[in-house]
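Asker: I'd like to ask you about the structure that follows.
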Amino acid sequence: MAEMAATSTSDAPAQGRLTIGVPREIVDNERRVALVPDTVKRLTADGVRILVEAGAGTSAGFVDSAFEVAGATIVPDARAVYGQADLILKVQKPEPSELALLRSGTTLISFLQPLVNTDLVRELARRGVTSFSMDAIPRTTRAQSMDALSSMSTIGGYKAVLLAADFLPKFFPLLMTAAGTIPPAKVLIVGAGVAGLQAIATARRLGAVVEAYDTRPVVKEQVESLGAKFVEVDMTGIEAQTQDAGGYAREASPELLRRQQEAMTNRAIRSDVVITTALVPGRPAPKLISEETVRQMQPGSVIVDLAAETGGNCELTVPGEIVIRHGVTLIGLLNLPSSMPYHASQMYSKNLQNLLALMVKKGQFSIDMSDDIVAGTLITRDGEVVHEATKARLQAAVG
Ligand SMILES: NC(=O)c1ccc[n+]([C@@H]2O[C@H](COP(=O)([O-])OP(=O)(O)OC[C@H]3O[C@@H](n4cnc5c(N)ncnc54)[C@H](O)[C@@H]3O)[C@@H](O)[C@H]2O)c1
């Protein structure tokens with residue numbers, strides 16, 4: 001058990017009482033904030049002191065005065081937050097200017113993507129920062145209320161459908177009007193994890209006819225229960241274990257990928273909208289929609305590629321941009337959760353609150369390594385990288 005000492009500043013808190021700092025997010029187009037006033041209220045009631053950088057919640061709709069009413073102290077700049085806080089709560093991984101402010105002995109909780117950002121992880125260890133990554137929360141039943149990946153994927157799936165509806169030059173629902181009958185839009189969802197299932201539900205609510213595919217056959221029932229048709233891929237002659245023990249997809253073999261691409265082409269060319277969400281953790285996104293498929297799609301169709309961050313499921317996706325190729329609108333926008341910052345912040349803050357409940361008791365912070373959620377989320381401690389999968393990735397890079 002490591003007790004965290006309070007920092008000694010002129011404004012020093014009572015001995016051992018945890019000070020949490022919430023800086024303003026500085027990455028371009030990031031509108032979320034790590035804590036919302038409701039969580040601040042609960043934590044301060046538990047004896048925690050909370051410093052919020054002025055304006056940190058403004059772009060998410062949470063003004064400074066709301067944080068003050070909830071019990072936080074507003075400080076003028078990031079330097080004041082990092083200088084006094086024992087525990088920093090963020091959304092995005094720290095930028096170099098933020099790393100420079102992180103003192104040895106400070107704890108950081110944010111999204112870090114440690115398997116990809118190996119240099120950052122090494123630097124956090126070198127600086128003596130104890131770090132937890134919200135994307136490393138185990139996907140277990142007990143951890144569901146802390147699962148920030150699921151929260152953000154829910155928003156991504158919902159927003160992807162709204163974007164598609166906005167760009168599609170057609171209605172989504174069936175309409176019977178005096179000017180004639182309009183058939184419902186046909187939507188194909190590729191990848192039916194958390195984002196894909198939310199996309200199915202949202203497209204159905206808008207009245208579209210929806211079909212969906214996932215490499216993991218176990219999701220067929222979930223797809224059908226949302227009122228969508230499950231697309232089958234011919235698996236004859238393929239011995240494929242498409243899911244790992246943790247419930248995640250395995251990378252498809254070249255033959256399976258070829259058959260998946262063929263099936264997606266057949267469906268995509270009959271669809272008005274394709275929303276792709278297929279991901280394999282720690283790997284580039286599988287390319288399921290080829291340029292040839294886009295060429296064969298109806299002009300005016302829309303593809304929203306939620307996998308754009310890891311290279312995209314469509315060959316023609318341009319990460320961060322909306323482009324038109326062969327008459328098809330391709331949306332590769334990144335960080336959709338930030339475009340719905342109020343609820344994204346509220347959900348993320350709740351996830352943090354539930355994680356902190358495992359580590360903060362009566363205003364004191366401690367790390368209990370016998371708790372599988374705490375241990376599985378911890379990335380660096382005492383100058384070392386302690387997260388097993390990240391350590392393996394670092395060793396593979398050296399060897
Ligand atoms: N706390 C929990 O218990 C919990 C929480 C969230 C998710 N989960 C499990 O994890 C699963 C995956 O969650 P996620 O949404 O974070 O996954 P993800 O974001 O890693 O991937 C999205 C989807 O893409 C699919 N995919 C990968 N390769 C594909 C391919 N070649 N073709 C088609 N689809 C492909 C995956 O099977 C997955 O459903 C869930 O469905 C669930 O079983 C459990």
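Just so we're on the same page: first chain in the structure tokens is A, next is B, and so on; residues restart at 1 for each chain, and ligands are numbered from 1 in the order they show up.
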If the limit is 6 Å from any atom of ligand 1, counting only C-alpha atoms and all ligand atoms, which residues qualify? Return them as a list in words.
Answerer: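 Based on only C-alpha atoms and all ligand atoms, ligand 1 is surrounded within 6 Å by Arg139, Thr140, Thr141, Ala143, Gln144, Ser150, Val190, Gly191, Ala192, Gly193, Val194, Ala195, Tyr213, Asp214, Thr215, Arg216, Gly247, Tyr248, Ala249, Ala252, Thr277, Ala278, Leu279, Val280, Pro281 and Pro286 of chain A.
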Asker: Those residues with N, CA and C atoms, as a PDB file, in the first residue's frame please?
Answerer:
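The file below, selection04.pdb, is the result:
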ATOM      1  N   ARG A 139     -11.983  -5.605 -19.215  1.00  0.00           N
ATOM      2  CA  ARG A 139     -13.382  -5.686 -19.698  1.00  0.00           C
ATOM      3  C   ARG A 139     -14.103  -6.766 -18.890  1.00  0.00           C
ATOM      4  N   THR A 140     -14.237  -6.557 -17.596  1.00  0.00           N
ATOM      5  CA  THR A 140     -14.920  -7.532 -16.748  1.00  0.00           C
ATOM      6  C   THR A 140     -16.231  -6.921 -16.258  1.00  0.00           C
ATOM      7  N   THR A 141     -17.105  -7.766 -15.742  1.00  0.00           N
ATOM      8  CA  THR A 141     -18.413  -7.285 -15.279  1.00  0.00           C
ATOM      9  C   THR A 141     -18.238  -6.254 -14.166  1.00  0.00           C
ATOM     10  N   ALA A 143     -15.874  -4.250 -13.673  1.00  0.00           N
ATOM     11  CA  ALA A 143     -15.251  -3.004 -14.135  1.00  0.00           C
ATOM     12  C   ALA A 143     -16.147  -2.216 -15.084  1.00  0.00           C
ATOM     13  N   GLN A 144     -17.335  -2.723 -15.357  1.00  0.00           N
ATOM     14  CA  GLN A 144     -18.180  -2.082 -16.383  1.00  0.00           C
ATOM     15  C   GLN A 144     -18.448  -0.599 -16.096  1.00  0.00           C
ATOM     16  N   SER A 150     -15.901   1.889 -23.405  1.00  0.00           N
ATOM     17  CA  SER A 150     -17.305   1.632 -23.769  1.00  0.00           C
ATOM     18  C   SER A 150     -18.100   2.933 -23.791  1.00  0.00           C
ATOM     19  N   VAL A 190     -20.313  -2.379 -40.037  1.00  0.00           N
ATOM     20  CA  VAL A 190     -19.255  -3.396 -40.041  1.00  0.00           C
ATOM     21  C   VAL A 190     -18.523  -3.325 -38.707  1.00  0.00           C
ATOM     22  N   GLY A 191     -18.609  -4.403 -37.936  1.00  0.00           N
ATOM     23  CA  GLY A 191     -18.056  -4.422 -36.570  1.00  0.00           C
ATOM     24  C   GLY A 191     -19.196  -4.113 -35.611  1.00  0.00           C
ATOM     25  N   ALA A 192     -19.572  -5.095 -34.799  1.00  0.00           N
ATOM     26  CA  ALA A 192     -20.717  -4.899 -33.897  1.00  0.00           C
ATOM     27  C   ALA A 192     -20.279  -5.028 -32.438  1.00  0.00           C
ATOM     28  N   GLY A 193     -19.242  -4.265 -32.081  1.00  0.00           N
ATOM     29  CA  GLY A 193     -18.854  -4.137 -30.675  1.00  0.00           C
ATOM     30  C   GLY A 193     -19.715  -3.043 -30.050  1.00  0.00           C
ATOM     31  N   VAL A 194     -19.163  -2.325 -29.086  1.00  0.00           N
ATOM     32  CA  VAL A 194     -19.962  -1.318 -28.381  1.00  0.00           C
ATOM     33  C   VAL A 194     -20.418  -0.211 -29.346  1.00  0.00           C
ATOM     34  N   ALA A 195     -19.493   0.318 -30.151  1.00  0.00           N
ATOM     35  CA  ALA A 195     -19.842   1.404 -31.083  1.00  0.00           C
ATOM     36  C   ALA A 195     -20.815   0.907 -32.148  1.00  0.00           C
ATOM     37  N   TYR A 213     -22.323  -6.793 -39.648  1.00  0.00           N
ATOM     38  CA  TYR A 213     -21.417  -7.955 -39.665  1.00  0.00           C
ATOM     39  C   TYR A 213     -20.367  -7.785 -38.587  1.00  0.00           C
ATOM     40  N   ASP A 214     -19.989  -8.879 -37.964  1.00  0.00           N
ATOM     41  CA  ASP A 214     -18.838  -8.895 -37.066  1.00  0.00           C
ATOM     42  C   ASP A 214     -18.151 -10.241 -37.225  1.00  0.00           C
ATOM     43  N   THR A 215     -16.832 -10.214 -37.053  1.00  0.00           N
ATOM     44  CA  THR A 215     -16.065 -11.456 -37.200  1.00  0.00           C
ATOM     45  C   THR A 215     -16.359 -12.425 -36.054  1.00  0.00           C
ATOM     46  N   ARG A 216     -16.880 -11.902 -34.937  1.00  0.00           N
ATOM     47  CA  ARG A 216     -17.214 -12.760 -33.788  1.00  0.00           C
ATOM     48  C   ARG A 216     -18.684 -13.180 -33.898  1.00  0.00           C
ATOM     49  N   GLY A 247     -12.776 -11.644 -25.011  1.00  0.00           N
ATOM     50  CA  GLY A 247     -13.964 -11.193 -25.740  1.00  0.00           C
ATOM     51  C   GLY A 247     -13.633 -10.288 -26.917  1.00  0.00           C
ATOM     52  N   TYR A 248     -12.330 -10.050 -27.160  1.00  0.00           N
ATOM     53  CA  TYR A 248     -11.924  -9.197 -28.283  1.00  0.00           C
ATOM     54  C   TYR A 248     -11.716 -10.031 -29.537  1.00  0.00           C
ATOM     55  N   ALA A 249     -11.777  -9.339 -30.693  1.00  0.00           N
ATOM     56  CA  ALA A 249     -11.536 -10.022 -31.963  1.00  0.00           C
ATOM     57  C   ALA A 249     -10.053 -10.359 -32.114  1.00  0.00           C
ATOM     58  N   ALA A 252      -7.899 -11.372 -38.411  1.00  0.00           N
ATOM     59  CA  ALA A 252      -8.381 -12.388 -39.361  1.00  0.00           C
ATOM     60  C   ALA A 252      -7.219 -12.917 -40.199  1.00  0.00           C
ATOM     61  N   THR A 277     -16.595   0.006 -37.873  1.00  0.00           N
ATOM     62  CA  THR A 277     -16.101   0.150 -36.493  1.00  0.00           C
ATOM     63  C   THR A 277     -15.148  -0.992 -36.123  1.00  0.00           C
ATOM     64  N   ALA A 278     -14.650  -1.731 -37.134  1.00  0.00           N
ATOM     65  CA  ALA A 278     -13.905  -2.964 -36.844  1.00  0.00           C
ATOM     66  C   ALA A 278     -12.488  -2.669 -36.341  1.00  0.00           C
ATOM     67  N   LEU A 279     -12.194  -3.159 -35.146  1.00  0.00           N
ATOM     68  CA  LEU A 279     -10.881  -2.945 -34.543  1.00  0.00           C
ATOM     69  C   LEU A 279     -10.352  -4.246 -33.963  1.00  0.00           C
ATOM     70  N   VAL A 280      -9.033  -4.389 -33.993  1.00  0.00           N
ATOM     71  CA  VAL A 280      -8.360  -5.481 -33.300  1.00  0.00           C
ATOM     72  C   VAL A 280      -7.354  -4.815 -32.365  1.00  0.00           C
ATOM     73  N   PRO A 281      -7.506  -4.983 -31.030  1.00  0.00           N
ATOM     74  CA  PRO A 281      -6.652  -4.233 -30.097  1.00  0.00           C
ATOM     75  C   PRO A 281      -5.156  -4.365 -30.398  1.00  0.00           C
ATOM     76  N   PRO A 286      -8.432  -3.655 -39.634  1.00  0.00           N
ATOM     77  CA  PRO A 286      -8.513  -4.475 -40.858  1.00  0.00           C
ATOM     78  C   PRO A 286      -9.137  -3.680 -42.006  1.00  0.00           C
TER      79      PRO A 286
END
Asker: Apply DSSP to the backbone of this structure and, from region 118-354 of chain A, keep only the residues in alpha helix (DSSP H); write these as a ChimeraX atom specification.
Answerer: /A:118-126,148-167,194-205,220-225,254-268,291-296,341-354
Asker: Please produce a file of those selected residues containing C-alpha atoms, as a CSV table (one decimal), in the first residue's frame.
Answerer:
chain,number,residue,atom,x,y,z
A,118,THR,CA,5.6,3.5,-25.7
A,119,ASP,CA,8.0,6.5,-25.6
A,120,LEU,CA,5.5,8.4,-23.5
A,121,VAL,CA,5.2,5.5,-21.0
A,122,ARG,CA,9.0,5.3,-20.7
A,123,GLU,CA,9.1,9.0,-20.1
A,124,LEU,CA,6.4,8.8,-17.4
A,125,ALA,CA,8.4,6.1,-15.6
A,126,ARG,CA,11.7,8.1,-16.0
A,148,ALA,CA,-14.3,4.5,-20.4
A,149,LEU,CA,-13.7,2.8,-23.8
A,150,SER,CA,-17.3,1.6,-23.8
A,151,SER,CA,-18.6,5.1,-22.7
A,152,MET,CA,-16.7,6.8,-25.5
A,153,SER,CA,-17.6,4.1,-28.1
A,154,THR,CA,-21.3,4.6,-27.3
A,155,ILE,CA,-20.9,8.2,-28.2
A,156,GLY,CA,-18.9,7.4,-31.3
A,157,GLY,CA,-21.5,5.0,-32.6
A,158,TYR,CA,-24.4,7.4,-32.0
A,159,LYS,CA,-22.6,10.3,-33.6
A,160,ALA,CA,-21.5,8.3,-36.6
A,161,VAL,CA,-25.1,7.7,-37.6
A,162,LEU,CA,-26.1,11.4,-37.1
A,163,LEU,CA,-23.1,12.4,-39.3
A,164,ALA,CA,-24.2,9.9,-42.0
A,165,ALA,CA,-27.8,11.1,-41.9
A,166,ASP,CA,-26.6,14.7,-42.2
A,167,PHE,CA,-24.4,14.0,-45.3
A,194,VAL,CA,-20.0,-1.3,-28.4
A,195,ALA,CA,-19.8,1.4,-31.1
A,196,GLY,CA,-21.4,-0.8,-33.8
A,197,LEU,CA,-24.3,-1.9,-31.6
A,198,GLN,CA,-25.0,1.7,-30.6
A,199,ALA,CA,-24.9,2.7,-34.3
A,200,ILE,CA,-27.4,-0.1,-35.1
A,201,ALA,CA,-29.8,1.1,-32.4
A,202,THR,CA,-29.5,4.7,-33.5
A,203,ALA,CA,-29.9,4.0,-37.3
A,204,ARG,CA,-33.0,1.8,-36.4
A,205,ARG,CA,-34.5,4.7,-34.3
A,220,LYS,CA,-25.3,-12.3,-34.0
A,221,GLU,CA,-28.0,-12.5,-31.3
A,222,GLN,CA,-27.2,-9.0,-30.1
A,223,VAL,CA,-27.4,-7.6,-33.7
A,224,GLU,CA,-30.8,-9.4,-34.3
A,225,SER,CA,-32.2,-8.2,-30.9
A,254,PRO,CA,-5.6,-13.6,-45.1
A,255,GLU,CA,-8.2,-16.1,-46.4
A,256,LEU,CA,-10.9,-15.0,-43.9
A,257,LEU,CA,-10.1,-11.3,-44.6
A,258,ARG,CA,-10.6,-12.0,-48.3
A,259,ARG,CA,-14.0,-13.6,-47.8
A,260,GLN,CA,-15.0,-10.8,-45.4
A,261,GLN,CA,-14.0,-8.2,-48.0
A,262,GLU,CA,-16.0,-10.0,-50.7
A,263,ALA,CA,-19.1,-10.2,-48.4
A,264,MET,CA,-18.7,-6.5,-47.5
A,265,THR,CA,-18.5,-5.5,-51.2
A,266,ASN,CA,-21.7,-7.4,-51.9
A,267,ARG,CA,-23.5,-5.6,-49.1
A,268,ALA,CA,-21.9,-2.2,-49.4
A,291,GLU,CA,-11.3,1.3,-53.3
A,292,GLU,CA,-13.0,-1.0,-55.9
A,293,THR,CA,-15.9,-1.4,-53.5
A,294,VAL,CA,-16.2,2.4,-53.1
A,295,ARG,CA,-16.1,2.8,-56.9
A,296,GLN,CA,-19.1,0.4,-57.2
A,341,PRO,CA,-18.6,17.0,-24.9
A,342,TYR,CA,-21.3,17.4,-22.2
A,343,HIS,CA,-22.3,13.8,-22.0
A,344,ALA,CA,-18.8,12.5,-23.0
A,345,SER,CA,-17.4,14.4,-19.9
A,346,GLN,CA,-20.2,13.3,-17.7
A,347,MET,CA,-19.7,9.6,-18.6
A,348,TYR,CA,-15.9,9.8,-18.4
A,349,SER,CA,-16.1,11.6,-15.0
A,350,LYS,CA,-18.5,8.9,-13.7
A,351,ASN,CA,-16.0,6.2,-14.9
A,352,LEU,CA,-13.2,8.0,-13.1
A,353,GLN,CA,-15.4,8.4,-10.0
A,354,ASN,CA,-16.0,4.6,-9.9
Asker: Select from region 124-201 of chain A every residue with an atom at most 10 Å from any atom of region 94-102 of chain A, then for each give the shortest pair of atoms and their distance in Å to one decimal, using only C-alpha atoms, rows by chain and rising number, as CSV.
Answerer:
residue,atom,partner,partner_atom,distance
A:Leu124,CA,A:Leu99,CA,7.8
A:Arg127,CA,A:Leu102,CA,7.9
A:Gly128,CA,A:Leu102,CA,9.1
A:Val129,CA,A:Leu102,CA,7.3
Asker: Store the residues picked out above in a file with C-alpha atoms, as an mmCIF file, in the first residue's frame.
Answerer:
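out_12.cif written:
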data_model
loop_
_atom_site.group_PDB
_atom_site.id
_atom_site.type_symbol
_atom_site.label_atom_id
_atom_site.label_comp_id
_atom_site.auth_asym_id
_atom_site.auth_seq_id
_atom_site.Cartn_x
_atom_site.Cartn_y
_atom_site.Cartn_z
ATOM 1 C CA LEU A 124 6.419 8.804 -17.353
ATOM 2 C CA ARG A 127 10.003 11.070 -14.361
ATOM 3 C CA GLY A 128 8.766 8.984 -11.405
ATOM 4 C CA VAL A 129 5.106 9.509 -12.312
#
Asker: Counting only C-alpha atoms, which of A:Asp135, A:Asp272, A:Asp244, A:Asp77 gets nearest to Ala208 (chain A)?
Answerer: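 Nearest candidate to Ala208 (chain A) out of A:Asp135, A:Asp272, A:Asp244, A:Asp77: A:Asp272.
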Asker: Give me, as a list in words, all polymer residues having an atom no more than 10 Å from Arg49 (chain A), counting only C-alpha atoms and skipping those fewer than 2 positions away in the same chain.
Answerer: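 The contact residues come out as Pro13, Ala14, Arg17, Leu18, Thr19, Ile20, Gly21, Val40, Leu43, Thr44, Ala45, Asp46, Gly47, Leu51, Gly71, Ala72, Thr73, Ala85 and Gly363 of chain A.
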Asker: Could you write out, as a PyMOL selection string, all the residues of region 112-288 of chain A that DSSP marks as strand (DSSP E or B)?
Answerer: chain A and resi 130-133+175-177+180-182+186-190+209-213+229-230+243+249+273-276
Asker: Those residues with N, CA and C atoms, as a CSV table (one decimal), in the first residue's frame please?
Answerer:
chain,number,residue,atom,x,y,z
A,130,THR,N,3.5,8.0,-11.3
A,130,THR,CA,2.6,6.8,-11.2
A,130,THR,C,1.5,7.1,-12.2
A,131,SER,N,1.3,6.1,-13.2
A,131,SER,CA,0.2,6.4,-14.1
A,131,SER,C,-0.7,5.3,-14.3
A,132,PHE,N,-2.0,5.6,-14.5
A,132,PHE,CA,-3.1,4.6,-14.8
A,132,PHE,C,-3.6,5.0,-16.2
A,133,SER,N,-4.0,4.0,-17.0
A,133,SER,CA,-4.6,4.3,-18.3
A,133,SER,C,-6.0,3.9,-18.3
A,175,LEU,N,-41.1,7.1,-45.8
A,175,LEU,CA,-42.0,8.2,-45.7
A,175,LEU,C,-43.1,8.0,-46.8
A,176,MET,N,-44.3,8.1,-46.4
A,176,MET,CA,-45.4,8.1,-47.4
A,176,MET,C,-46.0,9.5,-47.4
A,177,THR,N,-45.7,10.2,-48.5
A,177,THR,CA,-46.1,11.6,-48.6
A,177,THR,C,-47.0,11.8,-49.8
A,180,GLY,N,-45.3,11.2,-53.0
A,180,GLY,CA,-44.8,9.8,-53.3
A,180,GLY,C,-44.2,9.1,-52.1
A,181,THR,N,-44.0,7.8,-52.2
A,181,THR,CA,-43.4,7.0,-51.1
A,181,THR,C,-41.9,7.0,-51.2
A,182,ILE,N,-41.3,7.3,-50.1
A,182,ILE,CA,-39.8,7.3,-50.1
A,182,ILE,C,-39.3,6.0,-49.3
A,186,LYS,N,-30.8,2.3,-46.5
A,186,LYS,CA,-30.2,1.0,-46.1
A,186,LYS,C,-28.8,1.2,-45.5
A,187,VAL,N,-28.6,0.7,-44.3
A,187,VAL,CA,-27.4,1.0,-43.6
A,187,VAL,C,-26.7,-0.3,-43.3
A,188,LEU,N,-25.4,-0.3,-43.6
A,188,LEU,CA,-24.5,-1.5,-43.2
A,188,LEU,C,-23.5,-1.1,-42.1
A,189,ILE,N,-23.5,-1.9,-41.0
A,189,ILE,CA,-22.6,-1.6,-40.0
A,189,ILE,C,-21.6,-2.7,-39.9
A,190,VAL,N,-20.3,-2.4,-40.0
A,190,VAL,CA,-19.3,-3.4,-40.0
A,190,VAL,C,-18.5,-3.3,-38.7
A,209,VAL,N,-33.2,0.7,-42.6
A,209,VAL,CA,-33.1,-0.8,-42.6
A,209,VAL,C,-31.7,-1.1,-42.4
A,210,VAL,N,-31.4,-1.9,-41.4
A,210,VAL,CA,-30.0,-2.1,-41.0
A,210,VAL,C,-29.5,-3.5,-41.1
A,211,GLU,N,-28.3,-3.7,-41.6
A,211,GLU,CA,-27.7,-5.0,-41.5
A,211,GLU,C,-26.3,-4.8,-40.9
A,212,ALA,N,-25.7,-5.9,-40.3
A,212,ALA,CA,-24.5,-5.7,-39.6
A,212,ALA,C,-23.7,-7.0,-39.7
A,213,TYR,N,-22.3,-6.8,-39.6
A,213,TYR,CA,-21.4,-8.0,-39.7
A,213,TYR,C,-20.4,-7.8,-38.6
A,229,LYS,N,-30.3,-7.2,-39.4
A,229,LYS,CA,-30.0,-8.5,-40.0
A,229,LYS,C,-28.5,-8.8,-39.8
A,230,PHE,N,-28.2,-10.0,-39.5
A,230,PHE,CA,-26.7,-10.3,-39.3
A,230,PHE,C,-26.2,-10.8,-40.7
A,243,GLN,N,-12.2,-15.0,-31.8
A,243,GLN,CA,-12.4,-14.2,-30.6
A,243,GLN,C,-11.4,-14.7,-29.5
A,249,ALA,N,-11.8,-9.3,-30.7
A,249,ALA,CA,-11.5,-10.0,-32.0
A,249,ALA,C,-10.1,-10.4,-32.1
A,273,VAL,N,-25.5,3.8,-46.7
A,273,VAL,CA,-24.6,4.2,-45.7
A,273,VAL,C,-23.8,3.0,-45.2
A,274,VAL,N,-22.5,3.2,-45.0
A,274,VAL,CA,-21.7,2.1,-44.4
A,274,VAL,C,-21.0,2.7,-43.2
A,275,ILE,N,-21.2,2.1,-42.0
A,275,ILE,CA,-20.5,2.6,-40.8
A,275,ILE,C,-19.5,1.5,-40.4
A,276,THR,N,-18.2,1.8,-40.4
A,276,THR,CA,-17.2,0.8,-40.1
A,276,THR,C,-16.6,1.1,-38.7
Asker: Work out how far CA of Met146 (chain A) is from CA of Ala56 (chain A), in Å to one decimal.
Answerer: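 Value for the CA of Ala56 (chain A)-CA of Met146 (chain A) distance: 21.9 Å.
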Asker: Could you give me, as a PyMOL selection string, the residues within 12 Å of Asp28 (chain A), counting only C-alpha atoms and dropping anything in the same chain fewer than 3 positions from it?
Answerer: chain A and resi 24-25+31-32+92+95+320+334-335+338
Asker: Rounded to one decimal, what separation in Å do you get between CA of Met359 (chain A) and CA of Lys391 (chain A)?
Answerer: 23.6 Å
Asker: Skipping near chain neighbours, those fewer than 4 positions away, what residues fall within 8 Å of Val318 (chain A) using only C-alpha atoms, listed as a tab-separated table (two decimals) with C-alpha atoms, in the first residue's frame?
Answerer:
chain	number	residue	atom	x	y	z
A	308	ALA	CA	-9.83	6.11	-38.87
A	322	ILE	CA	-14.26	14.39	-44.92
A	323	VAL	CA	-13.51	13.66	-48.58
A	330	LEU	CA	-15.96	9.36	-46.78
A	331	ILE	CA	-15.99	10.63	-43.21
A	332	GLY	CA	-12.77	9.94	-41.30
Asker: May I have the residues within 7 Å of Val328 (chain A) as a list in words, using only C-alpha atoms and disregarding those fewer than 4 positions away in the same chain?
Answerer: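 Counting only C-alpha atoms, the residues come to Val294, Pro299, Gly300, Ser301, Val302 and Ile324 of chain A.
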Asker: Take the selection from the previous step and output its residues with N, CA and C atoms, as a PDB file, in the first residue's frame.
Answerer:
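Okay, selection12.pdb is ready:
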ATOM      1  N   VAL A 294     -15.737   1.035 -53.122  1.00  0.00           N
ATOM      2  CA  VAL A 294     -16.227   2.426 -53.110  1.00  0.00           C
ATOM      3  C   VAL A 294     -16.639   2.824 -54.525  1.00  0.00           C
ATOM      4  N   PRO A 299     -23.459   6.779 -56.157  1.00  0.00           N
ATOM      5  CA  PRO A 299     -23.032   8.147 -55.868  1.00  0.00           C
ATOM      6  C   PRO A 299     -23.924   8.754 -54.792  1.00  0.00           C
ATOM      7  N   GLY A 300     -23.341   9.529 -53.901  1.00  0.00           N
ATOM      8  CA  GLY A 300     -24.114  10.136 -52.811  1.00  0.00           C
ATOM      9  C   GLY A 300     -24.111   9.283 -51.544  1.00  0.00           C
ATOM     10  N   SER A 301     -23.662   8.020 -51.673  1.00  0.00           N
ATOM     11  CA  SER A 301     -23.587   7.170 -50.475  1.00  0.00           C
ATOM     12  C   SER A 301     -22.562   7.742 -49.503  1.00  0.00           C
ATOM     13  N   VAL A 302     -22.654   7.300 -48.261  1.00  0.00           N
ATOM     14  CA  VAL A 302     -21.772   7.834 -47.221  1.00  0.00           C
ATOM     15  C   VAL A 302     -21.095   6.682 -46.483  1.00  0.00           C
ATOM     16  N   ILE A 324     -14.573  13.334 -50.721  1.00  0.00           N
ATOM     17  CA  ILE A 324     -15.477  12.649 -51.658  1.00  0.00           C
ATOM     18  C   ILE A 324     -14.611  11.882 -52.657  1.00  0.00           C
TER      19      ILE A 324
END
Asker: So the first atom is CA of Pro138 (chain A) and the second is CA of Lys287 (chain A); what is the distance between them in Å, to one decimal place?
Answerer: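 If I compute the distance from CA of Pro138 (chain A) to CA of Lys287 (chain A), I get 26.7 Å.
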